[in-house]
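Visitor: Before we start, here is the structure in question, set down as structure tokens.
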Amino acid sequence: MPSLPLIYVFQDADDMAPALADYVLSAQTAALQRHDAFKIGVSGGSLVANLNKALLHDPKVEWGKWHIFFADERLVPLDSPDSNYGLLKSGLLDQLPEGTPQPIVHGIDVTKLDDSLEIADAYEKDLIKSFAAKDSVRLPAFDLLLLGCGPDGHTCSLFPGHELLRENIAWVAPIEDSPKPPPRRITLTLPVVTQSLRIAFVAVGESKAPVLKTVFENPEEGLPCSLVNEGARGKVTWFVDTPAVKGVAVQKKEYKPSNL
Ligand SMILES: O=C1O[C@H](COP(=O)(O)O)[C@@H](O)[C@H](O)[C@H]1O
């Protein structure tokens, strides 16, 4: 089992899309064989546009069997431009061809927006129910977690140097002081992230190059993305484009389609 993350580099987002689709579909196949459902966690941000390119017109995606959770969510109304739910809906799900079976999307309880702890606890209860982890001791294992990497190295709403990086009891935690607006959010915690069966980061564009240099060349700095690379050894794949790794010393691999 490889201990370093696999890093696939593509010319640009369009070039990346077929490989990303293939990777997601192979996770979907494995999940459907395992439990006839695909339990996937997604980030917001730039990831959604890349998912749109990869999956929107792919007939092999069994949307009706998808259970979509959020790796993190901002505590804002669902129709706010800051909502990760809203972004996924407008940026992908609303564009699916008419008649496409709809996935089950696990959003936050927006009636409790002023109580971040209550929202985090309710989301955790949803995970307990959805993953049948009744004793709430066994961590939920997403079939696939698709993550972004912020320019500061944050992923989910786990920010560099933040105390939440040490959270090892809660599965879902509130954050009231996110350095990136909006400040109030909930996030999966690191133990839940690294428990996932597969994790893929998607990072596109030159603006990601400085942070990816630190993530890959100086993992000892402990940026959240490096902590995921380390904590989920052997399960992490990066999909990046050439500008995102300009000047970064990484061992690039060529993507081999899974022949689905
Ligand atoms: O605030 C957030 O940012 C990260 C990174 O976003 P990106 O646009 O730089 O890719 C995102 O993954 C996370 O879900 C979001 O809440």
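Note on naming: chains are A, B, ... as they come in the structure tokens, residues start from 1 per chain, ligands start from 1 in the order shown.
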Sort by chain and increasing residue number a table of all residues of chain A within 10 Å of ligand 1, each with its closest pair of atoms and their distance in Å to one decimal, counting only C-alpha atoms and all ligand atoms, and write it as a Markdown table.
Guide:
```
| residue | atom | partner | partner_atom_place_in_ligand_line | distance |
| --- | --- | --- | --- | --- |
| A:Val42 | CA | ligand 1 | 14 (O) | 7.4 |
| A:Ser43 | CA | ligand 1 | 14 (O) | 3.7 |
| A:Gly44 | CA | ligand 1 | 14 (O) | 3.7 |
| A:Gly45 | CA | ligand 1 | 8 (O) | 3.4 |
| A:Ser46 | CA | ligand 1 | 8 (O) | 3.9 |
| A:Leu47 | CA | ligand 1 | 10 (O) | 5.6 |
| A:Val48 | CA | ligand 1 | 10 (O) | 8.6 |
| A:Ala49 | CA | ligand 1 | 8 (O) | 9.6 |
| A:Asn50 | CA | ligand 1 | 10 (O) | 9.9 |
| A:Phe70 | CA | ligand 1 | 14 (O) | 7.9 |
| A:Ala71 | CA | ligand 1 | 14 (O) | 6.5 |
| A:Asp72 | CA | ligand 1 | 14 (O) | 5.5 |
| A:Glu73 | CA | ligand 1 | 16 (O) | 6.0 |
| A:Arg74 | CA | ligand 1 | 16 (O) | 6.5 |
| A:Asp82 | CA | ligand 1 | 16 (O) | 8.4 |
| A:Ser83 | CA | ligand 1 | 16 (O) | 8.3 |
| A:Asn84 | CA | ligand 1 | 16 (O) | 6.6 |
| A:Leu146 | CA | ligand 1 | 12 (O) | 8.7 |
| A:Leu147 | CA | ligand 1 | 12 (O) | 5.5 |
| A:Gly148 | CA | ligand 1 | 12 (O) | 3.6 |
| A:Cys149 | CA | ligand 1 | 5 (C) | 4.9 |
| A:Gly150 | CA | ligand 1 | 9 (O) | 3.9 |
| A:Pro151 | CA | ligand 1 | 9 (O) | 6.0 |
| A:Asp152 | CA | ligand 1 | 9 (O) | 8.7 |
| A:Gly153 | CA | ligand 1 | 5 (C) | 8.4 |
| A:His154 | CA | ligand 1 | 4 (C) | 6.7 |
| A:Thr155 | CA | ligand 1 | 12 (O) | 5.3 |
| A:Cys156 | CA | ligand 1 | 13 (C) | 4.9 |
| A:Ser157 | CA | ligand 1 | 16 (O) | 5.8 |
| A:Leu158 | CA | ligand 1 | 13 (C) | 9.0 |
| A:Phe159 | CA | ligand 1 | 1 (O) | 9.5 |
| A:Ser178 | CA | ligand 1 | 1 (O) | 8.6 |
| A:Pro179 | CA | ligand 1 | 1 (O) | 9.3 |
| A:Lys180 | CA | ligand 1 | 1 (O) | 6.4 |
| A:Pro181 | CA | ligand 1 | 1 (O) | 7.4 |
| A:Pro182 | CA | ligand 1 | 1 (O) | 8.1 |
| A:Pro183 | CA | ligand 1 | 1 (O) | 9.6 |
| A:Arg185 | CA | ligand 1 | 16 (O) | 8.1 |
| A:Ile186 | CA | ligand 1 | 16 (O) | 9.1 |
| A:Thr187 | CA | ligand 1 | 16 (O) | 8.6 |
| A:Phe201 | CA | ligand 1 | 12 (O) | 8.8 |
| A:Val202 | CA | ligand 1 | 10 (O) | 7.6 |
| A:Ala203 | CA | ligand 1 | 10 (O) | 6.6 |
| A:Val204 | CA | ligand 1 | 10 (O) | 8.1 |
| A:Gly205 | CA | ligand 1 | 9 (O) | 9.9 |
| A:Ser207 | CA | ligand 1 | 9 (O) | 8.9 |
| A:Lys208 | CA | ligand 1 | 9 (O) | 8.0 |
```
Visitor: Segment 104-241 of chain A: which residues are helix (DSSP H, G or I) by DSSP, as a count of residues only?
Guide: 51
Visitor: So that each row is one residue of segment 96-187 of chain A with an atom at most 12 Å from segment 33-36 of chain A, can you give its shortest atom pair and the distance in Å to one decimal, using only C-alpha atoms, rows by chain and rising number, as JSON lines?
Guide:
```
{"residue": "A:Ser130", "atom": "CA", "partner": "A:His35", "partner_atom": "CA", "distance": 11.9}
{"residue": "A:Phe131", "atom": "CA", "partner": "A:His35", "partner_atom": "CA", "distance": 10.7}
{"residue": "A:Ala132", "atom": "CA", "partner": "A:His35", "partner_atom": "CA", "distance": 11.8}
{"residue": "A:Phe142", "atom": "CA", "partner": "A:His35", "partner_atom": "CA", "distance": 11.8}
{"residue": "A:Asp143", "atom": "CA", "partner": "A:Arg34", "partner_atom": "CA", "distance": 9.6}
```
Visitor: Take the residues from that selection and write them out as a CSV table (one decimal), in the first residue's frame, keeping N, CA and C atoms.
Guide:
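Below is the file again.csv, written as the result:
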```
chain,number,residue,atom,x,y,z
A,130,SER,N,-27.2,7.6,9.7
A,130,SER,CA,-26.9,7.2,8.3
A,130,SER,C,-25.8,6.1,8.2
A,131,PHE,N,-24.9,6.1,9.1
A,131,PHE,CA,-23.8,5.1,9.1
A,131,PHE,C,-24.1,3.9,10.0
A,132,ALA,N,-25.3,3.9,10.6
A,132,ALA,CA,-25.7,2.9,11.5
A,132,ALA,C,-24.6,2.6,12.6
A,142,PHE,N,-16.9,7.4,5.3
A,142,PHE,CA,-17.4,7.8,4.0
A,142,PHE,C,-16.8,6.9,3.0
A,143,ASP,N,-17.6,6.5,2.0
A,143,ASP,CA,-17.1,5.8,0.8
A,143,ASP,C,-16.1,6.6,0.1
```
Visitor: Under the rule that only C-alpha atoms are counted, which of A:Pro160, A:Pro257, A:Gly107, A:Pro101 is the nearest residue to Leu75 of chain A?
Guide: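 Among the listed residues, A:Gly107 lies closest to Leu75 of chain A.
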Visitor: For Thr237 of chain A, work out the shell of residues within 9 Å, counting only C-alpha atoms and skipping chain neighbours fewer than 4 positions away, then give it as an NGL selection string.
Guide: :A and (5-8 or 198-202 or 229)
Visitor: Would you save the residues from that selection as a compact mmCIF listing (two decimals), in the first residue's frame, using C-alpha atoms?
Guide:
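Dumped to selection27.txt:
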```txt
# COMPACT_ATOMS: atom_id res chain seq x y z
CA PRO A 5 -0.57 10.40 -1.59
CA LEU A 6 -1.02 9.71 -5.29
CA ILE A 7 -0.74 12.93 -7.26
CA TYR A 8 -2.25 13.12 -10.71
CA ARG A 198 -11.00 7.14 0.02
CA ILE A 199 -10.13 10.81 0.06
CA ALA A 200 -9.48 12.98 -2.96
CA PHE A 201 -8.32 16.58 -3.01
CA VAL A 202 -8.99 18.66 -6.08
CA ASN A 229 -2.20 13.21 3.80
```
Visitor: List the neighbours of Val215 of chain A out to 7 Å using only C-alpha atoms; skip same-chain residues closer than 4 positions along the sequence, and give me the result as a list of chain:residue names.
Guide: A:Val211, A:Pro219, A:Leu223, A:Cys225, A:Ser226
Visitor: Would you output that residue set with C-alpha atoms, as a PDB file, in the first residue's frame?
Guide:
```
ATOM      1  CA  VAL A 211       0.323  26.338  -0.445  1.00  0.00           C
ATOM      2  CA  PRO A 219       4.511  18.480   5.762  1.00  0.00           C
ATOM      3  CA  LEU A 223      -1.081  22.357   7.527  1.00  0.00           C
ATOM      4  CA  CYS A 225      -4.112  19.211   4.163  1.00  0.00           C
ATOM      5  CA  SER A 226      -0.761  17.698   5.190  1.00  0.00           C
TER       6      SER A 226
END
```
Visitor: Could you please write out, as a ChimeraX atom specification, every residue of segment 4-100 of chain A that DSSP assigns to strand (DSSP E)?
Guide: /A:6-10,38-42,66-70,72-74
Visitor: Nearest residue to Gln102 of chain A out of A:Trp66, A:Phe239, A:Phe10, A:Phe38, using only C-alpha atoms?
Guide: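 Going through A:Trp66, A:Phe239, A:Phe10, A:Phe38 one by one, the smallest distance to Gln102 of chain A is for A:Trp66.
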Visitor: Could you pull the residues within 9 Å of Gly161 of chain A, counting only C-alpha atoms, minus those fewer than 4 positions along the same chain, as a list of chain:residue names?
Guide: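 The filter keeps A:Leu165, A:Gly222, A:Leu223, A:Pro224.
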Visitor: Between atom CA of Gly247 of chain A and atom CA of Leu190 of chain A, what is the spacing in Å?
Guide: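 Atom CA of Gly247 of chain A lies at a distance of 28.4 Å from atom CA of Leu190 of chain A.
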Visitor: Determine the nearest neighbour of Lys235 of chain A from the options A:Tyr85, A:Leu78, A:Leu4, A:Thr189, counting only C-alpha atoms.
Guide: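 Checking each candidate against Lys235 of chain A, we get A:Leu4 as the closest.
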Visitor: Which of these residues is nearest to Glu118 of chain A, using only C-alpha atoms: A:Gly64, A:Ala173, A:Leu145, A:Ile104?
Guide: A:Ala173
Visitor: With distances taken over only C-alpha atoms, which residue among A:Asp15, A:Asp126, A:Asp114, A:Asp121 lies nearest Ile68 of chain A?
Guide: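 Using only C-alpha atoms, the shortest distance to Ile68 of chain A belongs to A:Asp126.
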Visitor: Do you know which residues are at most 8 Å from Ala37 of chain A counting only C-alpha atoms, after dropping those on the same chain fewer than 5 positions away, and could you put them as a list of chain:residue names?
Guide: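 Listing them by chain and then by number gives A:Ala31, A:Leu32, A:Lys65, A:Trp66, A:His67.
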Visitor: Grab the residues selected above and save them as a PDB file, in the first residue's frame with N, CA and C atoms.
Guide:
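As written to disk, again-v5.pdb reads:
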```
ATOM      1  N   ALA A  31     -18.759   1.060  -3.549  1.00  0.00           N
ATOM      2  CA  ALA A  31     -19.739   1.328  -2.493  1.00  0.00           C
ATOM      3  C   ALA A  31     -21.062   0.600  -2.763  1.00  0.00           C
ATOM      4  N   LEU A  32     -21.495   0.607  -4.022  1.00  0.00           N
ATOM      5  CA  LEU A  32     -22.771  -0.044  -4.335  1.00  0.00           C
ATOM      6  C   LEU A  32     -22.668  -1.550  -4.117  1.00  0.00           C
ATOM      7  N   LYS A  65     -28.677   6.736  -5.911  1.00  0.00           N
ATOM      8  CA  LYS A  65     -28.100   5.935  -4.821  1.00  0.00           C
ATOM      9  C   LYS A  65     -27.095   6.739  -4.008  1.00  0.00           C
ATOM     10  N   TRP A  66     -26.958   8.016  -4.337  1.00  0.00           N
ATOM     11  CA  TRP A  66     -25.978   8.847  -3.622  1.00  0.00           C
ATOM     12  C   TRP A  66     -26.596   9.434  -2.347  1.00  0.00           C
ATOM     13  N   HIS A  67     -25.831   9.375  -1.278  1.00  0.00           N
ATOM     14  CA  HIS A  67     -26.161  10.106  -0.040  1.00  0.00           C
ATOM     15  C   HIS A  67     -25.052  11.128   0.121  1.00  0.00           C
TER      16      HIS A  67
END
```
